[in-house]
Amino acid sequence: MAELGLKKKEIDAIEFAFDVYDFKGDGQVDAFYAGDLIRACNLNPTLKTIAVVGGQAEKGKKSLSKAEVYPMYKACKDSKDQGGFHDFVEIMKLYDKNDDNTIIGNELFKLLTNLGEKLTKEEAKSLMKELCEPEDEDGFMPFIPFLEKMCAAEK
């Protein structure tokens with residue numbers, strides 16, 4: 001796997017995850033589980049990326065050997081498609097306690113400092129000060145304007 005530029009740690013993770021998803025023990029994994037297998041290796045590809053690299057939306061359509069998974073992992077690792085505005089809205093809805101497109105300010109801070117590409121506390125505070133609308137009396141703030149500003153900044 002040196003030709004793909006994968007580290008030993010990555011190869012070990014792929015082999016372990018492959019063995020977990022090789023339900024029959026025949027050295028084959030259903031391509032339906034390609035996304036789960038790659039996510040088990042600490043990558044976060046979108047469904048679109050999984051489909052592009054050979055994953056399937058239905059079980060039983062295609063089987064993958066271990067040798068086929070390494071380049072899929074590499075393609076996902078190199079992909080810049082990490083989700084967009086609508087993906088982020090869906091994530092924020094998980095934290096929307098009132099079902100009104102708001103989030104508690106402290107929850108957003110925790111998300112920014114603990115998930116994905118973690119920000120330092122200072123970076124998170126600065127980002128929230130710049131992009132967030134003020135919290136209401138209960139500590140809630142609308143997250144749609146925050147995400148719109150955040151995603152617009154990347155373009």
# chains A, B, ... in the order shown; residues from 1 in each chain; ligands from 1

call {"tool": "select_by_dssp", "arguments": {"residues": "chain A", "states": "alpha helix (DSSP H)", "output": "PyMOL selection string"}}
result
chain A and resi 8-21+34-39+47-53+66-78+85-93+105-114+121-131+144-154

call {"tool": "residues_around", "arguments": {"residues": "Lys80 of chain A", "least_positions_apart": "5", "cutoff": "10 Å", "atoms": "only C-alpha atoms", "output": "list in words"}}
result
Pro45, Thr46, Thr49 and Ala75 of chain A

call {"tool": "residues_around", "arguments": {"residues": "segment 57-71 of chain A", "least_positions_apart": "6", "cutoff": "7 Å", "atoms": "only C-alpha atoms", "output": "ChimeraX atom specification"}}
result
/A:18,27-32

call {"tool": "write_last_selection", "arguments": {"atoms": "all heavy atoms", "output": "PDB file, in the first residue's frame"}}
result
ATOM      1  N   PHE A  18     -12.291  -3.889   7.679  1.00  0.00           N
ATOM      2  CA  PHE A  18     -12.688  -4.844   6.637  1.00  0.00           C
ATOM      3  C   PHE A  18     -13.112  -6.163   7.268  1.00  0.00           C
ATOM      4  O   PHE A  18     -14.150  -6.727   6.918  1.00  0.00           O
ATOM      5  CB  PHE A  18     -11.544  -5.073   5.643  1.00  0.00           C
ATOM      6  CG  PHE A  18     -11.947  -5.919   4.461  1.00  0.00           C
ATOM      7  CD1 PHE A  18     -12.426  -5.324   3.307  1.00  0.00           C
ATOM      8  CD2 PHE A  18     -11.870  -7.305   4.511  1.00  0.00           C
ATOM      9  CE1 PHE A  18     -12.815  -6.088   2.224  1.00  0.00           C
ATOM     10  CE2 PHE A  18     -12.248  -8.079   3.434  1.00  0.00           C
ATOM     11  CZ  PHE A  18     -12.730  -7.475   2.287  1.00  0.00           C
ATOM     12  N   GLY A  27     -13.601 -12.969   2.712  1.00  0.00           N
ATOM     13  CA  GLY A  27     -12.701 -11.975   2.128  1.00  0.00           C
ATOM     14  C   GLY A  27     -13.411 -10.972   1.239  1.00  0.00           C
ATOM     15  O   GLY A  27     -12.768 -10.311   0.422  1.00  0.00           O
ATOM     16  N   GLN A  28     -14.727 -10.854   1.394  1.00  0.00           N
ATOM     17  CA  GLN A  28     -15.521  -9.920   0.599  1.00  0.00           C
ATOM     18  C   GLN A  28     -16.422  -9.103   1.523  1.00  0.00           C
ATOM     19  O   GLN A  28     -16.937  -9.621   2.514  1.00  0.00           O
ATOM     20  CB  GLN A  28     -16.395 -10.670  -0.408  1.00  0.00           C
ATOM     21  CG  GLN A  28     -15.630 -11.468  -1.440  1.00  0.00           C
ATOM     22  CD  GLN A  28     -14.953 -10.574  -2.462  1.00  0.00           C
ATOM     23  OE1 GLN A  28     -15.583  -9.719  -3.083  1.00  0.00           O
ATOM     24  NE2 GLN A  28     -13.656 -10.755  -2.623  1.00  0.00           N
ATOM     25  N   VAL A  29     -16.582  -7.826   1.197  1.00  0.00           N
ATOM     26  CA  VAL A  29     -17.500  -6.946   1.922  1.00  0.00           C
ATOM     27  C   VAL A  29     -18.495  -6.405   0.917  1.00  0.00           C
ATOM     28  O   VAL A  29     -18.113  -5.975  -0.179  1.00  0.00           O
ATOM     29  CB  VAL A  29     -16.737  -5.788   2.602  1.00  0.00           C
ATOM     30  CG1 VAL A  29     -17.678  -4.733   3.127  1.00  0.00           C
ATOM     31  CG2 VAL A  29     -15.855  -6.310   3.717  1.00  0.00           C
ATOM     32  N   ASP A  30     -19.761  -6.423   1.270  1.00  0.00           N
ATOM     33  CA  ASP A  30     -20.794  -5.846   0.416  1.00  0.00           C
ATOM     34  C   ASP A  30     -20.513  -4.349   0.277  1.00  0.00           C
ATOM     35  O   ASP A  30     -20.282  -3.653   1.276  1.00  0.00           O
ATOM     36  CB  ASP A  30     -22.174  -6.082   1.041  1.00  0.00           C
ATOM     37  CG  ASP A  30     -23.318  -5.773   0.091  1.00  0.00           C
ATOM     38  OD1 ASP A  30     -23.257  -4.734  -0.608  1.00  0.00           O
ATOM     39  OD2 ASP A  30     -24.272  -6.554   0.067  1.00  0.00           O
ATOM     40  N   ALA A  31     -20.513  -3.843  -0.955  1.00  0.00           N
ATOM     41  CA  ALA A  31     -20.214  -2.430  -1.211  1.00  0.00           C
ATOM     42  C   ALA A  31     -21.220  -1.496  -0.546  1.00  0.00           C
ATOM     43  O   ALA A  31     -20.956  -0.305  -0.390  1.00  0.00           O
ATOM     44  CB  ALA A  31     -20.150  -2.168  -2.717  1.00  0.00           C
ATOM     45  N   PHE A  32     -22.365  -2.035  -0.123  1.00  0.00           N
ATOM     46  CA  PHE A  32     -23.340  -1.256   0.633  1.00  0.00           C
ATOM     47  C   PHE A  32     -22.717  -0.735   1.922  1.00  0.00           C
ATOM     48  O   PHE A  32     -23.069   0.335   2.409  1.00  0.00           O
ATOM     49  CB  PHE A  32     -24.567  -2.130   0.943  1.00  0.00           C
ATOM     50  CG  PHE A  32     -25.589  -1.481   1.820  1.00  0.00           C
ATOM     51  CD1 PHE A  32     -26.485  -0.557   1.300  1.00  0.00           C
ATOM     52  CD2 PHE A  32     -25.669  -1.782   3.171  1.00  0.00           C
ATOM     53  CE1 PHE A  32     -27.437   0.054   2.106  1.00  0.00           C
ATOM     54  CE2 PHE A  32     -26.622  -1.185   3.986  1.00  0.00           C
ATOM     55  CZ  PHE A  32     -27.505  -0.269   3.445  1.00  0.00           C
TER      56      PHE A  32
END

call {"tool": "closest_residue", "arguments": {"among": "A:Cys41, A:Asn106, A:Lys125, A:Leu115", "to": "Phe16 of chain A", "atoms": "only C-alpha atoms"}}
result
A:Cys41

call {"tool": "residues_around", "arguments": {"residues": "Asn44 of chain A", "least_positions_apart": "5", "cutoff": "12 Å", "atoms": "only C-alpha atoms", "output": "PyMOL selection string"}}
result
chain A and resi 34-39+49-50+73+75-83+115-117

call {"tool": "atom_distance", "arguments": {"atom1": "atom CA of Leu4 of chain A", "atom2": "atom CA of Met72 of chain A"}}
result
10.5 Å

call {"tool": "atom_distance", "arguments": {"atom1": "atom CA of Asp136 of chain A", "atom2": "atom CA of His86 of chain A"}}
result
24.3 Å
